[in-house]
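Have a look at target25.cif; it's mmCIF, C-alpha atoms:
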```cif
data_model
#
loop_
_atom_site.label_atom_id
_atom_site.label_comp_id
_atom_site.auth_asym_id
_atom_site.auth_seq_id
_atom_site.Cartn_x
_atom_site.Cartn_y
_atom_site.Cartn_z
CA MET K 1 153.70 189.90 210.18
CA LYS K 2 150.94 192.46 210.49
CA VAL K 3 149.02 191.99 213.73
CA ILE K 4 145.72 193.19 215.16
CA PHE K 5 145.91 193.07 218.95
CA ALA K 6 142.87 192.70 221.23
CA GLY K 7 143.43 193.13 224.96
CA THR K 8 142.70 195.35 227.94
CA PRO K 9 144.62 194.97 231.27
CA GLU K 10 148.31 195.12 232.19
CA PHE K 11 148.71 191.40 231.47
CA ALA K 12 147.80 192.15 227.85
CA ALA K 13 149.86 195.34 227.66
CA GLN K 14 153.06 193.38 228.38
CA ALA K 15 152.31 191.09 225.45
CA LEU K 16 151.55 194.05 223.17
CA LEU K 17 154.87 195.67 224.05
CA ALA K 18 156.74 192.44 223.37
CA ILE K 19 155.11 192.13 219.94
CA ILE K 20 155.99 195.73 219.10
CA HIS K 21 159.62 195.18 220.12
CA SER K 22 159.81 191.89 218.21
CA GLY K 23 159.58 193.58 214.83
CA HIS K 24 156.08 192.40 213.97
CA GLU K 25 153.84 195.32 213.00
CA VAL K 26 150.74 196.04 215.10
CA VAL K 27 148.31 197.73 212.71
CA GLY K 28 145.38 198.12 215.09
CA VAL K 29 144.30 197.60 218.69
CA LEU K 30 140.94 196.49 220.06
CA THR K 31 140.34 197.25 223.74
CA GLN K 32 137.52 197.82 226.21
CA PRO K 33 135.87 201.27 226.48
CA ASP K 34 137.27 203.68 229.08
CA ARG K 35 135.66 203.03 232.46
CA PRO K 36 135.64 204.42 236.04
CA ALA K 37 138.44 202.97 238.16
CA GLY K 38 140.38 203.61 241.37
CA ARG K 39 139.28 205.22 244.62
CA GLY K 40 138.02 208.35 242.87
CA MET K 41 136.22 206.30 240.18
CA GLN K 42 137.64 208.54 237.49
CA ILE K 43 137.24 207.51 233.86
CA GLN K 44 140.45 205.75 232.85
CA ALA K 45 141.81 204.26 229.65
CA SER K 46 143.01 200.66 229.73
CA PRO K 47 146.75 199.89 229.95
CA VAL K 48 146.56 198.52 226.38
CA LYS K 49 144.98 201.73 225.07
CA LEU K 50 147.57 203.90 226.80
CA LEU K 51 150.41 201.88 225.27
CA ALA K 52 148.81 201.91 221.81
CA GLN K 53 148.40 205.69 221.94
CA GLU K 54 152.03 206.06 223.02
CA LYS K 55 153.07 203.99 219.98
CA ASN K 56 150.63 205.79 217.61
CA ILE K 57 148.66 202.61 216.89
CA PRO K 58 144.96 203.08 215.91
CA VAL K 59 142.55 202.03 218.68
CA LEU K 60 138.98 200.67 218.46
CA GLN K 61 136.78 200.53 221.58
CA PRO K 62 133.40 199.08 220.62
CA LEU K 63 130.71 198.71 223.30
CA GLY K 64 130.31 195.08 222.23
CA LEU K 65 131.04 192.61 219.44
CA ASN K 66 127.62 191.00 218.99
CA ILE K 67 126.41 192.08 215.53
CA THR K 68 122.91 190.75 216.33
CA SER K 69 122.64 192.36 219.78
CA SER K 70 119.17 193.46 220.88
CA ASP K 71 120.77 196.75 221.99
CA PRO K 72 120.81 198.93 218.84
CA ALA K 73 123.85 200.93 220.00
CA LYS K 74 125.90 197.80 220.71
CA GLN K 75 124.82 196.17 217.46
CA LEU K 76 125.81 199.24 215.46
CA ASP K 77 129.13 199.46 217.29
CA ALA K 78 129.87 195.77 216.69
CA ARG K 79 129.09 195.98 212.97
CA ALA K 80 131.26 199.07 212.61
CA ALA K 81 134.16 197.39 214.43
CA LEU K 82 133.89 194.29 212.24
CA ALA K 83 133.92 196.39 209.07
CA GLN K 84 136.86 198.52 210.23
CA LEU K 85 138.96 195.50 211.18
CA ASP K 86 138.15 193.77 207.89
CA GLN K 87 139.47 196.78 206.00
CA LEU K 88 142.86 196.59 207.71
CA GLN K 89 145.74 194.78 206.05
CA PHE K 90 146.70 192.15 208.62
CA ASP K 91 147.86 188.55 208.91
CA VAL K 92 146.76 187.48 212.36
CA ILE K 93 144.76 188.62 215.40
CA VAL K 94 146.25 188.17 218.88
CA VAL K 95 143.77 188.15 221.78
CA VAL K 96 144.91 188.57 225.40
CA ALA K 97 142.46 189.18 228.27
CA TYR K 98 140.30 191.37 226.04
CA GLY K 99 137.21 190.95 228.20
CA LEU K 100 134.80 190.00 225.41
CA ILE K 101 134.46 186.73 223.54
CA LEU K 102 135.15 187.11 219.81
CA PRO K 103 131.96 185.93 218.06
CA GLN K 104 131.99 183.72 214.99
CA PRO K 105 131.82 186.60 212.43
CA PHE K 106 135.09 188.00 213.82
CA LEU K 107 136.76 184.57 213.81
CA GLU K 108 135.65 184.02 210.21
CA MET K 109 136.88 187.46 209.17
CA ALA K 110 140.30 186.60 210.60
CA GLU K 111 140.52 183.56 208.29
CA ARG K 112 139.51 185.30 205.04
CA ASN K 113 141.82 186.44 202.25
CA GLY K 114 144.80 184.36 203.31
CA ARG K 115 144.71 185.55 206.92
CA LEU K 116 145.89 183.11 209.56
CA GLY K 117 143.22 183.38 212.24
CA CYS K 118 143.03 184.41 215.90
CA PHE K 119 145.49 183.29 218.56
CA ASN K 120 144.97 183.67 222.29
CA ILE K 121 147.39 183.87 225.21
CA HIS K 122 145.73 181.87 227.99
CA ALA K 123 147.12 181.83 231.53
CA SER K 124 146.80 178.11 232.22
CA LEU K 125 147.88 174.75 230.85
CA LEU K 126 144.83 173.96 228.74
CA PRO K 127 142.51 172.14 229.03
CA ARG K 128 142.81 172.83 232.77
CA TRP K 129 141.20 176.12 233.76
CA ARG K 130 139.43 177.22 230.63
CA GLY K 131 137.52 180.43 231.25
CA ALA K 132 137.76 183.83 232.90
CA ALA K 133 139.87 183.41 236.07
CA PRO K 134 142.52 180.70 235.54
CA ILE K 135 145.15 182.28 237.79
CA GLN K 136 142.88 182.68 240.80
CA ARG K 137 141.24 179.28 240.43
CA ALA K 138 144.57 177.48 240.14
CA ILE K 139 145.75 178.93 243.46
CA GLU K 140 142.39 178.37 245.13
CA ALA K 141 142.39 174.72 244.05
CA GLY K 142 145.89 174.12 245.39
CA ASP K 143 147.51 173.39 242.03
CA ILE K 144 151.29 173.11 242.22
CA LYS K 145 151.84 173.98 238.55
CA THR K 146 150.25 176.21 235.94
CA GLY K 147 151.55 177.99 232.86
CA VAL K 148 150.69 179.73 229.61
CA ALA K 149 149.23 178.25 226.44
CA ILE K 150 149.08 179.90 223.01
CA MET K 151 145.88 178.62 221.44
CA LYS K 152 144.28 179.08 218.03
CA MET K 153 140.76 180.28 218.76
CA ASP K 154 137.63 178.52 217.61
CA ALA K 155 133.93 178.92 218.44
CA GLY K 156 134.23 177.23 221.85
CA LEU K 157 135.38 178.67 225.18
CA ASP K 158 139.17 178.15 225.17
CA THR K 159 138.75 174.88 223.25
CA GLY K 160 141.05 175.47 220.26
CA PRO K 161 144.29 173.63 219.45
CA VAL K 162 147.46 174.68 221.25
CA LEU K 163 150.53 175.86 219.33
CA ILE K 164 152.95 176.29 222.22
CA SER K 165 152.82 176.13 226.02
CA GLU K 166 155.15 176.30 229.00
CA GLU K 167 154.59 175.51 232.68
CA VAL K 168 155.65 177.28 235.87
CA ASP K 169 155.56 176.24 239.51
CA ILE K 170 152.99 177.79 241.84
CA LYS K 171 154.88 178.74 244.99
CA SER K 172 153.40 178.19 248.44
CA ASP K 173 153.28 181.95 249.04
CA ASP K 174 152.09 183.00 245.57
CA THR K 175 149.19 185.40 245.37
CA SER K 176 147.20 186.00 242.21
CA ARG K 177 149.24 189.19 241.79
CA SER K 178 152.66 187.55 242.03
CA LEU K 179 151.63 184.63 239.81
CA HIS K 180 149.99 187.03 237.34
CA ASP K 181 153.24 188.95 237.00
CA ARG K 182 155.27 185.83 236.23
CA LEU K 183 152.71 184.53 233.75
CA ALA K 184 152.44 187.92 232.03
CA HIS K 185 156.18 187.89 231.42
CA LEU K 186 156.01 184.30 230.15
CA GLY K 187 153.00 185.05 227.94
CA ALA K 188 154.76 187.99 226.34
CA ASP K 189 157.72 185.77 225.50
CA LEU K 190 155.59 182.89 224.21
CA ILE K 191 153.41 185.00 221.90
CA VAL K 192 156.48 186.33 220.10
CA ARG K 193 157.78 182.79 219.69
CA ALA K 194 154.34 181.71 218.48
CA LEU K 195 154.13 184.53 215.93
CA ASN K 196 157.52 183.53 214.59
CA LYS K 197 156.28 179.94 214.25
CA ILE K 198 153.11 181.07 212.49
CA GLU K 199 155.10 183.24 210.11
CA SER K 200 157.34 180.30 209.22
CA GLY K 201 154.31 178.10 208.44
CA CYS K 202 154.28 175.84 211.47
CA GLU K 203 150.50 175.40 211.66
CA HIS K 204 151.08 171.64 211.62
CA GLU K 205 152.42 171.97 215.17
CA LEU K 206 148.94 172.84 216.48
CA GLN K 207 147.84 170.11 218.90
CA PRO K 208 144.19 169.40 219.82
CA GLN K 209 143.50 169.72 223.53
CA ASN K 210 143.29 166.59 225.61
CA ARG K 211 139.72 165.56 226.36
CA ASP K 212 140.72 164.55 229.89
CA GLY K 213 141.36 167.00 232.72
CA ILE K 214 139.01 169.76 231.53
CA THR K 215 138.15 172.30 234.25
CA TYR K 216 136.52 175.72 234.12
CA ALA K 217 137.72 178.86 235.86
CA ASN K 218 134.53 180.75 236.57
CA LYS K 219 134.68 184.52 236.97
CA ILE K 220 135.56 185.66 240.49
CA LEU K 221 132.53 187.14 242.28
CA LYS K 222 132.65 189.49 245.27
CA SER K 223 130.08 187.23 246.91
CA GLU K 224 132.78 184.54 247.17
CA ALA K 225 135.04 186.73 249.29
CA ALA K 226 133.69 185.84 252.75
CA ILE K 227 135.93 183.46 254.67
CA ASP K 228 134.29 180.40 256.18
CA TRP K 229 136.38 179.60 259.26
CA HIS K 230 134.89 176.09 259.29
CA ARG K 231 137.12 175.36 256.30
CA THR K 232 140.62 173.98 256.82
CA ALA K 233 143.52 176.36 257.38
CA LEU K 234 145.02 175.27 254.05
CA GLU K 235 141.79 176.06 252.17
CA ILE K 236 141.54 179.49 253.78
CA ASP K 237 145.21 180.26 253.10
CA ARG K 238 144.65 179.42 249.42
CA LYS K 239 141.55 181.62 249.30
CA VAL K 240 143.42 184.57 250.81
CA ARG K 241 146.19 184.23 248.23
CA ALA K 242 143.83 183.58 245.31
CA PHE K 243 141.70 186.65 246.13
CA ASN K 244 144.68 189.00 246.42
CA PRO K 245 144.43 191.60 244.88
CA PHE K 246 140.76 191.13 243.90
CA PRO K 247 138.35 191.10 245.61
CA GLY K 248 140.21 190.43 248.85
CA ALA K 249 139.17 187.69 251.29
CA THR K 250 136.89 189.16 253.96
CA THR K 251 135.77 188.41 257.47
CA GLN K 252 133.98 190.38 260.17
CA PHE K 253 134.95 191.48 263.66
CA GLN K 254 132.13 192.70 265.90
CA GLY K 255 130.00 193.43 262.84
CA GLU K 256 132.67 195.39 260.95
CA PRO K 257 134.21 194.03 257.72
CA ILE K 258 137.93 193.31 257.61
CA LYS K 259 139.92 192.16 254.60
CA ILE K 260 142.67 189.63 255.14
CA TRP K 261 145.45 190.17 252.61
CA LYS K 262 148.15 187.86 253.88
CA ALA K 263 148.23 184.69 255.96
CA ARG K 264 150.21 181.48 256.30
CA ILE K 265 150.11 178.06 257.87
CA PRO K 266 152.17 178.18 261.09
CA SER K 267 155.14 175.89 260.84
CA GLY K 268 157.01 174.14 263.58
CA ASP K 269 158.85 170.97 264.51
CA SER K 270 155.80 169.67 266.36
CA GLY K 271 153.56 169.82 263.29
CA PRO K 272 150.26 171.70 262.84
CA LEU K 273 149.27 174.16 265.57
CA VAL K 274 146.04 172.64 266.88
CA ILE K 275 144.10 174.32 269.68
CA GLU K 276 140.68 173.07 270.79
CA ARG K 277 138.71 176.21 270.03
CA SER K 278 135.78 177.15 267.80
CA PRO K 279 136.40 178.11 264.15
CA GLY K 280 136.97 181.87 263.88
CA ASP K 281 138.26 182.27 267.44
CA ILE K 282 141.13 184.73 267.75
CA ILE K 283 143.64 182.80 269.89
CA GLY K 284 146.17 185.57 270.37
CA GLU K 285 149.22 187.21 268.86
CA SER K 286 152.19 185.51 267.22
CA ALA K 287 155.61 186.92 266.42
CA ASP K 288 154.37 188.30 263.09
CA GLY K 289 150.59 188.33 263.31
CA ILE K 290 147.65 186.70 265.06
CA LEU K 291 146.46 183.11 265.34
CA VAL K 292 142.93 182.26 264.28
CA GLN K 293 141.30 178.86 264.73
CA CYS K 294 140.10 177.11 261.57
CA ARG K 295 138.36 173.77 261.16
CA ASP K 296 141.50 171.72 261.75
CA GLN K 297 144.24 173.99 263.07
CA CYS K 298 145.27 177.61 263.45
CA LEU K 299 146.00 180.03 260.61
CA GLU K 300 148.49 182.84 261.15
CA VAL K 301 146.96 186.05 259.79
CA LEU K 302 149.65 188.57 258.85
CA GLU K 303 148.05 191.56 257.10
CA VAL K 304 144.57 193.07 257.43
CA GLN K 305 142.61 196.14 256.35
CA LYS K 306 139.58 197.74 257.98
CA ALA K 307 136.92 199.33 255.79
CA GLY K 308 138.18 202.72 254.65
CA GLY K 309 141.60 202.15 256.21
CA LYS K 310 145.06 201.15 255.05
CA LYS K 311 146.64 197.72 255.02
CA ILE K 312 148.41 197.10 258.33
CA SER K 313 150.06 194.16 260.04
CA ALA K 314 147.61 191.93 261.83
CA ARG K 315 149.75 192.18 264.96
CA ALA K 316 149.42 195.99 264.94
CA TRP K 317 145.66 195.60 264.54
CA PHE K 318 145.58 193.17 267.47
CA LEU K 319 147.60 195.46 269.73
CA ALA K 320 145.24 198.33 268.87
CA ASN K 321 142.29 196.08 269.77
CA PRO K 322 143.28 194.42 273.06
CA SER K 323 139.76 193.07 273.52
CA ALA K 324 140.14 190.99 270.34
CA GLN K 325 141.72 188.03 272.16
CA ASP K 326 139.15 185.31 272.77
CA LYS K 327 136.73 187.10 270.46
CA GLN K 328 135.78 185.70 267.09
CA PHE K 329 136.01 186.50 263.40
CA SER K 330 132.78 185.71 261.61
CA GLY K 331 131.63 185.50 258.01
CA ALA K 332 130.37 182.69 255.88
CA SER K 333 129.09 179.99 258.19
CA HIS K 334 128.44 176.92 256.09
CA LYS K 335 129.83 174.20 258.33
CA ILE K 336 131.62 171.35 256.58
CA GLU K 337 130.33 167.95 257.58
CA ASP K 338 132.60 164.92 257.43
#
```

Now that the file is in, can you turn its structure into structure tokens?
Amino acid sequence: MKVIFAGTPEFAAQALLAIIHSGHEVVGVLTQPDRPAGRGMQIQASPVKLLAQEKNIPVLQPLGLNITSSDPAKQLDARAALAQLDQLQFDVIVVVAYGLILPQPFLEMAERNGRLGCFNIHASLLPRWRGAAPIQRAIEAGDIKTGVAIMKMDAGLDTGPVLISEEVDIKSDDTSRSLHDRLAHLGADLIVRALNKIESGCEHELQPQNRDGITYANKILKSEAAIDWHRTALEIDRKVRAFNPFPGATTQFQGEPIKIWKARIPSGDSGPLVIERSPGDIIGESADGILVQCRDQCLEVLEVQKAGGKKISARAWFLANPSAQDKQFSGASHKIED
């Protein structure tokens, strides 16, 4: 089949490469405009754009897709993109982490003239975790399973019927990065299988989403990054893993910000490590890191990063700051009441 592909980050680039290798023809790519990125904030093309250019696939980068936008430049760009896509000979549009919602005129265009519509790779088991940050929210919530769903898009937010899905386990040490990488590989495999199904006329296999179990994965905000040491050790461990690599869970030591990149619940034959101290207190060093008191027990912090510095082991940080013992990490301070 002839495919238009809409996507931006590395997660999407893996799916694009799989489609190219599958024998389906990608006739055009829609991706976000080049933007500043990295430490030097240099203008960079998206991973999807770089791959499309390497494969000599035409690329469109409109500022927006709202053809009635109050911004004249965005409205003009959106109308031009809609017209250009409509002129292409294609069968289906595949959308993967594009970064913009496809408005109704684009969805309707993808159904005209015998076209088969828009299909999305979504990194959750719909209807759980509709929305922008399904990987992070699944870890943060303590889910033990997630997966990938291939959904036919409609006017709602991730509400369309599902053609194919597959689940994976969330490991106790998974970060958003490690889980992202597994789901990206799975999504690339599933979209090829889905395209083969669509080509063979298996639209009857589309299943409406269950009305029970709907949750929304709101966009991750930097303002959420501060650790509240009055939370349980398990909640904080999940937050650290969910916010790795972005934006990084943060705390403060003597007024200076520190990111915590890796932590774990101490394990032992005697059960949870409980010390009668105040939340945020730095108890001392462990074999691999430092122990910090949470609401219910200690958390073992393993990897930290000072502002402007490199990631280092928490134990190395502790040894370089001998006065840290019996001091306190601080940050968000909303105390949980039972």

Would you mind listing what lies within 12 Å of K:Ser200 as a PyMOL selection string, with all atoms listed in the file counted and same-chain residues fewer than 6 positions away left out?
chain K and resi 1+116+193-194

Would you work out the distance separating atom CA of K:Ala138 from atom CA of K:Val240, expressed in Å to one decimal?
12.9 Å

Check which residues of stretch 258-300 of chain K sit at most 12 Å from stretch 164-181 of chain K using all atoms listed in the file, and return one row each with the closest pair of atoms and their distance in Å to one decimal, ordered by chain and rising number, as CSV.
```
residue,atom,partner,partner_atom,distance
K:Trp261,CA,K:Thr175,CA,9.4
K:Lys262,CA,K:Thr175,CA,8.9
K:Ala263,CA,K:Asp173,CA,9.0
K:Arg264,CA,K:Asp173,CA,7.9
K:Ile265,CA,K:Ser172,CA,10.0
```

Restrict the selected residues to C-alpha atoms and save them as a PDB file, in the frame of the given file.
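Here's the written file selection_38.pdb:
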```pdb
ATOM      1  CA  TRP K 261     145.450 190.170 252.610  1.00  0.00           C
ATOM      2  CA  LYS K 262     148.150 187.860 253.880  1.00  0.00           C
ATOM      3  CA  ALA K 263     148.230 184.690 255.960  1.00  0.00           C
ATOM      4  CA  ARG K 264     150.210 181.480 256.300  1.00  0.00           C
ATOM      5  CA  ILE K 265     150.110 178.060 257.870  1.00  0.00           C
TER       6      ILE K 265
END
```

Assuming the chain letters and numbering stay as they are in my file, what does the PyMOL selection byres ((chain K and resi 143-158) around 8) actually select? List them as a PyMOL selection string.
chain K and resi 103-104+107+117-127+130-131+138-142+159-171+183+186-187+190-191+194+206

Residue contacts of K:Val92 (10 Å, all atoms listed in the file) excluding same-chain residues fewer than 3 positions away, as number ranges by chain:
K: 1-5, 26, 89, 95, 110-111, 114-119, 195, 198-199

Would you tabulate, counting all atoms listed in the file, all residues of stretch 250-275 of chain K that have an atom at most 12 Å from an atom of stretch 313-327 of chain K, showing the closest pair of atoms and their distance in Å to one decimal, sorted by chain then ascending number, as a Markdown table?
```
| residue | atom | partner | partner_atom | distance |
| --- | --- | --- | --- | --- |
| K:Gln252 | CA | K:Lys327 | CA | 11.1 |
| K:Phe253 | CA | K:Lys327 | CA | 8.3 |
| K:Gln254 | CA | K:Lys327 | CA | 8.6 |
| K:Gly255 | CA | K:Lys327 | CA | 12.0 |
| K:Ile258 | CA | K:Trp317 | CA | 10.6 |
| K:Lys259 | CA | K:Ala314 | CA | 10.6 |
| K:Ile260 | CA | K:Ala314 | CA | 8.6 |
| K:Trp261 | CA | K:Ser313 | CA | 9.6 |
| K:Lys262 | CA | K:Ala314 | CA | 8.9 |
| K:Ala263 | CA | K:Ala314 | CA | 9.3 |
```

Can you tell me which residues surround stretch 38-51 of chain K at a distance of at most 10 Å, considering all atoms listed in the file, apart from same-chain residues fewer than 5 positions away, and format the answer as an MDAnalysis selection string?
chainID K and resid 5:17 29:33 56:61 98

Please write as a PyMOL selection string the list of polymer residues whose atoms come within 10 Å of (139.7, 180.4, 248.3), counting only C-alpha atoms and keeping to the coordinates of the file.
chain K and resi 136-142+224-228+231+234-243+249

Keeping only C-alpha atoms, write the selected residues as an mmCIF file, in the frame of the given file.
```cif
data_model
loop_
_atom_site.group_PDB
_atom_site.id
_atom_site.type_symbol
_atom_site.label_atom_id
_atom_site.label_comp_id
_atom_site.auth_asym_id
_atom_site.auth_seq_id
_atom_site.Cartn_x
_atom_site.Cartn_y
_atom_site.Cartn_z
ATOM 1 C CA GLN K 136 142.880 182.680 240.800
ATOM 2 C CA ARG K 137 141.240 179.280 240.430
ATOM 3 C CA ALA K 138 144.570 177.480 240.140
ATOM 4 C CA ILE K 139 145.750 178.930 243.460
ATOM 5 C CA GLU K 140 142.390 178.370 245.130
ATOM 6 C CA ALA K 141 142.390 174.720 244.050
ATOM 7 C CA GLY K 142 145.890 174.120 245.390
ATOM 8 C CA GLU K 224 132.780 184.540 247.170
ATOM 9 C CA ALA K 225 135.040 186.730 249.290
ATOM 10 C CA ALA K 226 133.690 185.840 252.750
ATOM 11 C CA ILE K 227 135.930 183.460 254.670
ATOM 12 C CA ASP K 228 134.290 180.400 256.180
ATOM 13 C CA ARG K 231 137.120 175.360 256.300
ATOM 14 C CA LEU K 234 145.020 175.270 254.050
ATOM 15 C CA GLU K 235 141.790 176.060 252.170
ATOM 16 C CA ILE K 236 141.540 179.490 253.780
ATOM 17 C CA ASP K 237 145.210 180.260 253.100
ATOM 18 C CA ARG K 238 144.650 179.420 249.420
ATOM 19 C CA LYS K 239 141.550 181.620 249.300
ATOM 20 C CA VAL K 240 143.420 184.570 250.810
ATOM 21 C CA ARG K 241 146.190 184.230 248.230
ATOM 22 C CA ALA K 242 143.830 183.580 245.310
ATOM 23 C CA PHE K 243 141.700 186.650 246.130
ATOM 24 C CA ALA K 249 139.170 187.690 251.290
#
```
